[in-house]
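This is query_2.txt. It holds compact mmCIF, C-alpha atoms.
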# COMPACT_ATOMS: atom_id res chain seq x y z
CA MET A 1 12.51 9.34 7.46
CA GLY A 2 9.39 9.95 5.46
CA LYS A 3 8.12 7.05 3.42
CA ASN A 4 8.60 9.18 0.30
CA ASN A 5 12.34 8.69 0.71
CA LEU A 6 11.80 5.07 -0.25
CA LYS A 7 10.63 5.83 -3.76
CA ILE A 8 12.96 4.73 -6.53
CA CYS A 9 14.11 6.95 -9.38
CA SER A 10 12.39 5.38 -12.40
CA ASP A 11 15.61 5.32 -14.45
CA LEU A 12 17.29 3.14 -11.83
CA GLU A 13 14.37 0.89 -11.02
CA ASP A 14 15.51 -2.04 -13.16
CA ILE A 15 18.88 -2.33 -11.41
CA MET A 16 17.57 -2.12 -7.86
CA PRO A 17 17.50 -5.41 -5.91
CA PRO A 18 14.13 -7.18 -6.16
CA GLU A 19 13.71 -7.09 -2.36
CA TYR A 20 13.99 -3.30 -2.38
CA ARG A 21 11.46 -3.00 -5.18
CA GLU A 22 9.09 -5.22 -3.19
CA LEU A 23 9.56 -2.98 -0.14
CA VAL A 24 8.59 0.09 -2.12
CA ALA A 25 5.66 -1.67 -3.77
CA SER A 26 4.00 -3.48 -0.90
CA ALA A 27 5.56 -2.81 2.52
CA THR A 28 3.24 -1.33 5.12
CA TYR A 29 5.07 1.94 5.85
CA GLY A 30 2.59 4.64 6.70
CA LYS A 31 -0.36 2.24 6.83
CA GLU A 32 -2.84 2.95 9.55
CA ASN A 33 -3.56 -0.01 11.83
CA ARG A 34 -0.74 -2.13 10.47
CA GLY A 35 -0.34 -5.36 12.40
CA TRP A 36 0.04 -9.12 12.33
CA LYS A 37 -2.76 -9.45 9.78
CA ASP A 38 -0.47 -7.93 7.14
CA ILE A 39 1.92 -10.86 7.46
CA GLY A 40 1.80 -13.01 4.33
CA SER A 41 0.10 -10.43 2.13
CA ALA A 42 2.45 -7.42 2.46
CA LYS A 43 6.23 -7.27 2.21
CA GLU A 44 7.72 -7.71 5.66
CA LEU A 45 10.35 -5.41 7.12
CA ILE A 46 12.76 -8.28 7.72
CA GLU A 47 14.53 -10.17 4.97
CA GLU A 48 16.52 -13.43 4.82
CA HIS A 49 18.06 -13.22 8.29
CA SER A 50 20.81 -15.57 9.42
CA LEU A 51 19.17 -17.06 12.51
CA CYS A 52 18.95 -20.84 12.84
CA ALA A 53 16.15 -22.82 11.19
CA GLY A 54 13.07 -22.75 13.41
CA CYS A 55 14.37 -20.05 15.78
CA PRO A 56 11.48 -18.57 17.81
CA GLU A 57 13.36 -15.28 18.00
CA ALA A 58 12.84 -14.95 14.25
CA ILE A 59 9.08 -15.37 14.76
CA ALA A 60 9.23 -12.69 17.45
CA PHE A 61 11.06 -10.33 15.11
CA ARG A 62 8.39 -10.80 12.43
CA TYR A 63 5.57 -9.96 14.84
CA VAL A 64 7.40 -7.02 16.43
CA LEU A 65 8.26 -5.47 13.07
CA ALA A 66 4.74 -6.03 11.76
CA SER A 67 3.25 -4.37 14.85
CA LEU A 68 5.36 -1.19 15.18
CA PRO A 69 2.80 1.61 14.88
CA ASN A 70 5.06 3.93 12.90
CA PRO A 71 8.07 2.12 11.39
CA GLU A 72 9.14 4.97 9.11
CA ASP A 73 9.61 7.20 12.17
CA THR A 74 11.07 4.55 14.46
CA VAL A 75 14.70 3.95 15.35
CA MET A 76 15.57 0.62 16.93
CA VAL A 77 18.59 0.18 19.16
CA GLY A 78 20.10 -3.29 19.23
CA SER A 79 22.88 -4.86 21.23
CA THR A 80 25.29 -7.74 20.96
CA GLY A 81 23.71 -11.14 20.69
CA CYS A 82 21.61 -13.11 18.24
CA THR A 83 19.49 -9.99 17.67
CA SER A 84 22.54 -8.19 16.24
CA LEU A 85 22.66 -10.84 13.50
CA VAL A 86 19.18 -9.78 12.41
CA PHE A 87 19.37 -5.98 12.43
CA PRO A 88 21.37 -5.72 9.19
CA HIS A 89 18.38 -7.42 7.51
CA VAL A 90 15.73 -5.13 8.97
CA ALA A 91 14.16 -2.26 6.99
CA VAL A 92 13.78 0.04 9.99
CA HIS A 93 16.46 2.52 11.05
CA ASN A 94 18.62 0.90 13.68
CA ILE A 95 21.77 1.37 15.72
CA HIS A 96 24.05 -1.35 17.03
CA SER A 97 25.25 -0.31 20.48
CA LEU A 98 27.99 -1.86 22.57
CA PHE A 99 27.10 -4.84 24.71
CA GLY A 100 24.93 -3.50 27.50
CA ASN A 101 24.77 0.24 26.83
CA GLN A 102 21.71 0.08 24.57
CA ASN A 103 19.44 1.98 26.97
CA ALA A 104 22.03 4.75 27.41
CA VAL A 105 22.34 5.10 23.62
CA ALA A 106 18.56 5.14 23.29
CA SER A 107 18.26 7.85 25.97
CA GLY A 108 20.53 10.21 24.06
CA LEU A 109 18.92 9.31 20.76
CA LYS A 110 15.40 9.98 21.99
CA ARG A 111 16.41 13.37 23.40
CA ALA A 112 18.25 14.34 20.20
CA LEU A 113 15.28 13.32 18.04
CA LYS A 114 12.97 15.38 20.23
CA LEU A 115 15.16 18.45 19.67
CA ARG A 116 15.70 17.84 15.96
CA PHE A 117 12.06 16.99 15.16
CA PRO A 118 9.97 18.84 17.76
CA ASP A 119 6.79 18.51 15.69
CA ARG A 120 6.99 14.82 14.86
CA GLU A 121 6.60 11.69 16.92
CA LYS A 122 9.83 9.72 16.69
CA ASP A 123 9.72 6.38 18.45
CA VAL A 124 12.81 4.74 19.90
CA VAL A 125 12.62 1.02 20.59
CA VAL A 126 15.41 -0.90 22.29
CA LEU A 127 15.56 -4.57 21.40
CA ALA A 128 18.21 -6.65 23.15
CA GLY A 129 18.71 -10.08 24.63
CA ASP A 130 18.60 -11.04 28.27
CA GLY A 131 22.38 -10.82 28.67
CA ALA A 132 22.46 -7.21 27.47
CA THR A 133 19.33 -6.15 29.35
CA VAL A 134 19.66 -7.92 32.68
CA ASP A 135 23.34 -8.85 33.17
CA ILE A 136 25.81 -6.65 31.37
CA GLY A 137 23.53 -3.67 30.81
CA LEU A 138 21.41 -3.77 33.97
CA ASP A 139 22.90 -0.48 35.17
CA MET A 140 22.04 1.35 31.94
CA THR A 141 18.62 -0.31 31.75
CA LEU A 142 17.63 0.71 35.26
CA GLN A 143 19.13 4.21 35.06
CA ALA A 144 17.11 4.92 31.91
CA TRP A 145 13.95 3.89 33.76
CA PHE A 146 14.86 5.93 36.86
CA ARG A 147 15.27 8.99 34.62
CA GLN A 148 11.87 8.28 33.02
CA GLU A 149 13.31 8.23 29.50
CA LYS A 150 10.45 7.92 27.06
CA PHE A 151 11.20 4.84 24.99
CA THR A 152 10.32 1.16 24.90
CA THR A 153 12.71 -1.57 26.05
CA ILE A 154 12.10 -5.05 24.65
CA CYS A 155 14.01 -7.97 26.10
CA PHE A 156 14.17 -11.16 24.02
CA ASP A 157 14.57 -13.59 26.89
CA ASN A 158 16.08 -16.91 25.80
CA GLU A 159 17.18 -17.63 29.37
CA LEU A 160 20.89 -18.07 28.56
CA TYR A 161 23.82 -16.82 26.48
CA ALA A 162 23.06 -18.62 23.25
CA ASN A 163 25.67 -17.79 20.67
CA THR A 164 28.65 -18.19 23.00
CA GLY A 165 27.75 -21.77 23.85
CA GLY A 166 25.18 -21.79 26.64
CA GLN A 167 26.33 -19.90 29.76
CA GLU A 168 23.85 -18.99 32.47
CA SER A 169 22.35 -15.50 32.53
CA GLY A 170 20.39 -13.62 35.15
CA LEU A 171 17.17 -14.76 33.51
CA THR A 172 18.03 -18.47 33.47
CA GLN A 173 15.65 -20.45 35.66
CA LYS A 174 17.01 -21.98 38.85
CA GLY A 175 18.48 -25.47 38.48
CA PHE A 176 18.63 -25.39 34.68
CA VAL A 177 21.69 -27.27 33.37
CA MET A 178 23.50 -25.81 30.38
CA LYS A 179 26.56 -26.78 28.38
CA MET A 180 28.67 -24.16 30.16
CA ALA A 181 26.87 -24.43 33.52
CA PRO A 182 27.02 -28.18 34.20
CA GLN A 183 25.97 -27.92 37.85
CA GLY A 184 22.83 -26.03 36.97
CA LYS A 185 22.02 -22.50 37.96
CA GLN A 186 22.19 -21.91 41.71
CA PHE A 187 19.98 -18.82 41.93
CA ASN A 188 16.47 -17.79 41.00
CA LYS A 189 15.50 -16.17 37.71
CA VAL A 190 15.70 -12.39 38.13
CA ARG A 191 12.19 -10.97 38.45
CA MET A 192 12.72 -8.34 35.80
CA PRO A 193 9.06 -7.35 35.22
CA GLU A 194 8.63 -6.57 38.90
CA ILE A 195 11.94 -4.66 38.94
CA ALA A 196 10.76 -2.68 35.89
CA ARG A 197 7.49 -1.81 37.59
CA GLU A 198 9.25 -0.64 40.74
CA SER A 199 11.84 1.29 38.72
CA GLY A 200 9.23 3.53 37.18
CA CYS A 201 8.04 1.84 33.98
CA ALA A 202 4.53 2.94 33.05
CA TYR A 203 3.76 -0.29 31.24
CA VAL A 204 5.32 -3.73 31.70
CA ALA A 205 4.36 -7.01 30.01
CA ILE A 206 5.79 -10.53 29.96
CA LEU A 207 4.67 -12.97 27.29
CA THR A 208 5.72 -15.50 24.66
CA VAL A 209 5.25 -15.15 20.92
CA SER A 210 2.78 -18.00 20.53
CA LYS A 211 -0.06 -15.52 19.89
CA PRO A 212 0.64 -12.84 17.25
CA ASN A 213 -2.41 -10.75 18.19
CA LEU A 214 -1.20 -10.52 21.80
CA VAL A 215 2.27 -9.42 20.68
CA GLU A 216 0.69 -6.72 18.52
CA ARG A 217 -1.52 -5.41 21.31
CA VAL A 218 1.30 -5.33 23.87
CA LEU A 219 3.80 -3.72 21.51
CA LYS A 220 1.40 -1.00 20.39
CA ASN A 221 0.47 -0.25 24.01
CA ALA A 222 4.13 -0.05 24.98
CA VAL A 223 5.20 2.23 22.11
CA LEU A 224 2.23 4.58 22.44
CA ILE A 225 2.54 4.85 26.23
CA ALA A 226 6.28 5.49 25.88
CA ARG A 227 5.54 8.44 23.58
CA THR A 228 3.59 10.39 26.14
CA ILE A 229 3.92 8.95 29.62
CA GLY A 230 7.18 7.19 30.42
CA PRO A 231 9.42 4.16 29.93
CA THR A 232 7.88 0.80 29.04
CA TYR A 233 9.27 -2.72 29.21
CA ILE A 234 8.33 -5.93 27.38
CA GLN A 235 9.90 -9.29 28.13
CA ILE A 236 9.33 -11.92 25.44
CA TYR A 237 10.25 -15.59 25.74
CA THR A 238 12.21 -16.64 22.65
CA PRO A 239 13.71 -20.01 23.60
CA CYS A 240 17.02 -21.04 22.04
CA ILE A 241 16.03 -24.43 20.68
CA LEU A 242 19.65 -25.46 20.11
CA GLU A 243 20.85 -24.73 23.62
CA ILE A 244 17.90 -26.31 25.41
CA GLY A 245 18.15 -29.44 23.28
CA LYS A 246 15.05 -29.14 21.12
CA GLN A 247 14.48 -29.87 17.46
CA SER A 248 13.92 -27.06 14.98
CA MET A 249 10.16 -27.64 14.83
CA GLU A 250 9.64 -27.71 18.62
CA GLY A 251 10.05 -24.00 19.41
CA LEU A 252 6.37 -23.15 19.28
CA GLN A 253 5.41 -25.99 21.62
CA GLU A 254 8.20 -24.98 24.01
CA MET A 255 6.70 -21.49 24.23
CA ARG A 256 3.19 -22.86 24.76
CA ASP A 257 4.49 -25.13 27.52
CA ALA A 258 6.05 -22.14 29.30
CA GLU A 259 2.96 -19.90 29.35
CA GLY A 260 0.47 -21.88 31.43
CA PRO A 261 -1.24 -19.98 34.28
CA ASN A 262 1.41 -21.01 36.83
CA ASP A 263 4.41 -21.05 34.52
CA ARG A 264 7.18 -18.49 34.39
CA PHE A 265 5.93 -16.88 31.19
CA ALA A 266 2.24 -16.70 32.04
CA PHE A 267 1.03 -13.45 30.48
CA ARG A 268 1.21 -10.60 32.97
CA GLU A 269 1.10 -6.86 32.53
CA PHE A 270 1.52 -3.98 34.96
CA ILE A 271 0.01 -0.64 33.97
CA THR A 272 0.12 2.56 35.99
CA ASP A 273 -3.15 4.43 36.55
CA GLU A 274 -1.99 7.22 34.26
CA ALA A 275 -1.22 4.76 31.46
CA LYS A 276 -4.56 3.01 32.03
CA ALA A 277 -6.38 6.31 31.61
CA PHE A 278 -4.36 7.02 28.46
CA LEU A 279 -5.29 3.62 26.93
CA ALA A 280 -8.97 4.06 27.86
CA ASP A 281 -8.95 7.51 26.27
CA MET A 282 -7.32 6.11 23.12
CA ASP A 283 -9.98 3.39 22.89
CA GLU A 284 -12.75 5.99 23.24
CA LYS A 285 -11.28 8.09 20.45
CA LYS A 286 -10.93 5.02 18.21
CA LYS A 287 -14.55 4.06 18.80
CA ALA A 288 -15.71 7.61 18.15
CA ALA A 289 -13.70 7.75 14.92
CA ALA A 290 -15.09 4.38 13.79
CA ALA A 291 -18.64 5.51 14.61
CA ALA A 292 -18.11 8.76 12.68
CA LYS A 293 -16.83 6.77 9.71
CA ILE A 294 -19.92 4.55 9.72
CA GLY A 295 -22.09 7.64 10.11
CA THR A 296 -20.59 9.33 7.05
CA ALA A 297 -20.66 6.10 5.01
CA ALA A 298 -24.35 5.43 5.68
CA PRO A 299 -26.75 6.72 3.04
CA ALA A 300 -28.74 9.86 3.83
CA GLY A 301 -31.76 9.25 6.03
CA VAL A 302 -30.35 6.09 7.61
CA LYS A 303 -29.38 6.45 11.27
CA MET B 1 20.15 -31.33 -1.41
CA TYR B 2 17.95 -29.54 1.07
CA ALA B 3 14.60 -30.41 2.61
CA VAL B 4 12.07 -27.66 1.98
CA ALA B 5 8.39 -27.38 2.75
CA PHE B 6 5.79 -28.00 0.06
CA VAL B 7 2.11 -27.03 0.27
CA GLU B 8 -0.42 -29.31 -1.44
CA ASP B 9 -3.06 -27.10 -3.01
CA GLU B 10 -5.84 -29.69 -2.66
CA LYS B 11 -5.41 -29.91 1.12
CA CYS B 12 -4.55 -26.27 1.89
CA ILE B 13 -7.52 -24.33 3.27
CA ALA B 14 -6.05 -20.83 3.03
CA ASN B 15 -9.08 -19.97 0.88
CA LYS B 16 -11.17 -20.37 4.06
CA GLY B 17 -9.00 -17.92 5.98
CA CYS B 18 -6.35 -20.21 7.48
CA ARG B 19 -2.97 -18.48 7.84
CA LEU B 20 -1.31 -20.77 10.40
CA CYS B 21 1.80 -21.71 8.42
CA ILE B 22 2.27 -18.15 7.13
CA LEU B 23 2.12 -16.77 10.66
CA TYR B 24 4.32 -19.27 12.42
CA CYS B 25 7.08 -19.65 9.82
CA PRO B 26 10.23 -18.14 11.38
CA GLU B 27 11.40 -16.89 8.00
CA ALA B 28 10.00 -13.67 6.58
CA ASP B 29 8.33 -13.70 3.16
CA THR B 30 8.84 -17.45 2.82
CA LEU B 31 5.39 -18.96 3.26
CA LYS B 32 3.14 -16.59 1.36
CA PHE B 33 -0.47 -16.33 0.33
CA ASP B 34 -1.23 -16.54 -3.36
CA PRO B 35 -4.11 -14.09 -3.90
CA VAL B 36 -5.09 -15.70 -7.24
CA LYS B 37 -5.16 -19.36 -6.21
CA LYS B 38 -6.11 -18.49 -2.59
CA LYS B 39 -3.57 -20.99 -1.32
CA ALA B 40 -0.33 -20.78 0.65
CA TYR B 41 2.92 -21.43 -1.21
CA VAL B 42 6.59 -21.74 -0.28
CA VAL B 43 9.40 -19.56 -1.64
CA GLU B 44 11.88 -22.44 -1.75
CA SER B 45 15.05 -20.36 -1.93
CA ARG B 46 14.26 -18.92 1.50
CA CYS B 47 13.02 -22.06 3.27
CA LYS B 48 15.47 -23.41 5.88
CA GLY B 49 13.54 -26.65 6.35
CA CYS B 50 12.71 -26.33 10.06
CA GLU B 51 9.33 -28.13 9.66
CA LEU B 52 7.52 -25.79 12.05
CA CYS B 53 4.85 -25.23 9.36
CA VAL B 54 4.35 -28.99 9.09
CA VAL B 55 3.75 -29.16 12.86
CA VAL B 56 1.21 -26.31 12.98
CA CYS B 57 -0.62 -27.60 9.89
CA ASN B 58 -0.77 -31.17 11.22
CA ASN B 59 -1.88 -29.97 14.69
CA ALA B 60 -4.83 -28.28 13.01
CA LYS B 61 -5.52 -31.61 11.17
CA HIS B 62 -5.08 -30.10 7.72
CA ASN B 63 -1.96 -32.13 6.83
CA ALA B 64 -1.33 -29.99 3.75
CA ILE B 65 2.44 -29.51 4.11
CA THR B 66 5.16 -32.08 3.52
CA MET B 67 8.93 -31.84 3.32
CA VAL B 68 10.47 -32.50 -0.09
CA MET B 69 14.10 -32.70 -1.23
CA ARG B 70 15.34 -30.06 -3.62
Whole structure given in structure tokens:
Amino acid sequence: MGKNNLKICSDLEDIMPPEYRELVASATYGKENRGWKDIGSAKELIEEHSLCAGCPEAIAFRYVLASLPNPEDTVMVGSTGCTSLVFPHVAVHNIHSLFGNQNAVASGLKRALKLRFPDREKDVVVLAGDGATVDIGLDMTLQAWFRQEKFTTICFDNELYANTGGQESGLTQKGFVMKMAPQGKQFNKVRMPEIARESGCAYVAILTVSKPNLVERVLKNAVLIARTIGPTYIQIYTPCILEIGKQSMEGLQEMRDAEGPNDRFAFREFITDEAKAFLADMDEKKKAAAAAKIGTAAPAGVK
Amino acid sequence: MYAVAFVEDEKCIANKGCRLCILYCPEADTLKFDPVKKKAYVVESRCKGCELCVVVCNNAKHNAITMVMR
């Protein structure tokens, strides 16, 4: 989709919904270096979702959508869960897959887009919960990584099945007591970042959404590396405040409490040497472009 | 009646570059920056009343946001 497709026929402009008009007027499609700094001043690509008041997943969605490097040429693949409540309100092309097969759908989609648009970069980003990624869809998730499919997988890890009443998932921490797991979980949290690294992901990161600039950096790295090198995986802590017994305003503190140096969501990233070289090269080019810009902007005679 | 957030212009320091409430609000396009007044404001029809903005504003000792009934 080119951003020109968004333009409204002037005869119909007055009957278009105000949210659509705002999207055309001030959304950041096609903007170079879009990111978290656009939040609050530009129209966001998410609108009046139905998540609970204070849900950290909603904050994560805002940052992820603000940070996508190329939203007009991105297709997101969602799966069953709280995230599937949000996708109908997102102004990026998206597909709702069956519970668990999101990485299989994304594999086919990425290959088809490559054939259909050989000259354009089309990004595919999978965004699913921990149940879809690690329990029900673990087979599809891993197989996509084994095959080195070039797309990004994002897991919104709330450490349980939230909208079915609080059952334990593979990513629940050991001993945690839930409404539908009254004895507490008997096993350890699955070490998904390490599994992703060993399964062939070129870039892996685990973080919370308490720092928007970190989310932007990680997401851009993951999407750009997935374009050229191989699969990438991001695991983001988005606690379900209802199911862990918190108030609506306590989500941010919960994330900050879980990201200390020895906590389970301490920021970690694994990058292959090839991906490291790619990022270093990208930085060099950016610096060179910025220097060239300054050089052309400076008045004649000034070095 | 619903509780929604309200930003007091006198206490809000968005004119000095603060964007805490705008960034941490879980709702999109709800806490926005007014480019004329240089202050944050709440789109009340979208606010779900979670009070997260009150927490981040108070933690930064600005105390500019309160909950009001509408």
Point-to-point distance in Å for atom CA of Val125 of chain A and atom CA of Leu109 of chain A: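 Going from atom CA of Leu109 of chain A over to atom CA of Val125 of chain A covers 10.4 Å.
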Chain A contacts to chain B at 7 Å (only C-alpha atoms) as a VMD selection string: chain A and resid 39 to 41 43 to 44 46 to 48 53 to 56 58 to 59 62 248 to 249
Select, from A:Ala128, A:Ala226, A:Leu171, A:Cys82, the residue with the minimum atom-to-atom distance to Lys110 of chain A, counting all atoms listed in the file. A:Ala226
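Interatomic distance, atom CA of Gln167 of chain A to atom CA of Tyr233 of chain A: 24.2 Å.
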Of the candidates A:Arg191, A:Arg256, A:Lys37, A:Arg217, which shows the shortest atom-to-atom distance to Leu20 of chain B, using all atoms listed in the file?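 Result for the nearest residue to Leu20 of chain B: A:Lys37.
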Would you list the residues near (28.3, -0.4, 29.8), meaning any protein, DNA or RNA residue with an atom at most 9 Å from that point in file coordinates, counting only C-alpha atoms, as a PDB file with C-alpha atoms, keeping the file's coordinate frame?
ATOM      1  CA  LEU A  98      27.990  -1.860  22.570  1.00  0.00           C
ATOM      2  CA  PHE A  99      27.100  -4.840  24.710  1.00  0.00           C
ATOM      3  CA  GLY A 100      24.930  -3.500  27.500  1.00  0.00           C
ATOM      4  CA  ASN A 101      24.770   0.240  26.830  1.00  0.00           C
ATOM      5  CA  GLN A 102      21.710   0.080  24.570  1.00  0.00           C
ATOM      6  CA  ALA A 104      22.030   4.750  27.410  1.00  0.00           C
ATOM      7  CA  ILE A 136      25.810  -6.650  31.370  1.00  0.00           C
ATOM      8  CA  GLY A 137      23.530  -3.670  30.810  1.00  0.00           C
ATOM      9  CA  LEU A 138      21.410  -3.770  33.970  1.00  0.00           C
ATOM     10  CA  ASP A 139      22.900  -0.480  35.170  1.00  0.00           C
ATOM     11  CA  MET A 140      22.040   1.350  31.940  1.00  0.00           C
TER      12      MET A 140
END
Residue with smallest distance to Leu207 of chain A - pool A:Gln143, A:Asn163, A:Thr238, A:Ser50, counting only C-alpha atoms: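 Smallest distance to Leu207 of chain A is found for A:Thr238.
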Closest of B:Cys12, B:Ala5, B:Cys18, B:Met67 to Val43 of chain B - atom-to-atom distances counting all atoms listed in the file: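 Of the candidates, the smallest distance to Val43 of chain B is held by B:Ala5.
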Between atom CA of Cys52 of chain A and atom CA of Lys185 of chain A, what is the distance in Å, rounded to a tenth?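 These atoms are spaced 25.4 Å apart.
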Can you pull out every residue within 12 Å of Leu45 of chain A, counting all atoms listed in the file, but drop anything in the same chain fewer than 6 positions away, and send it as a count of residues only? 33
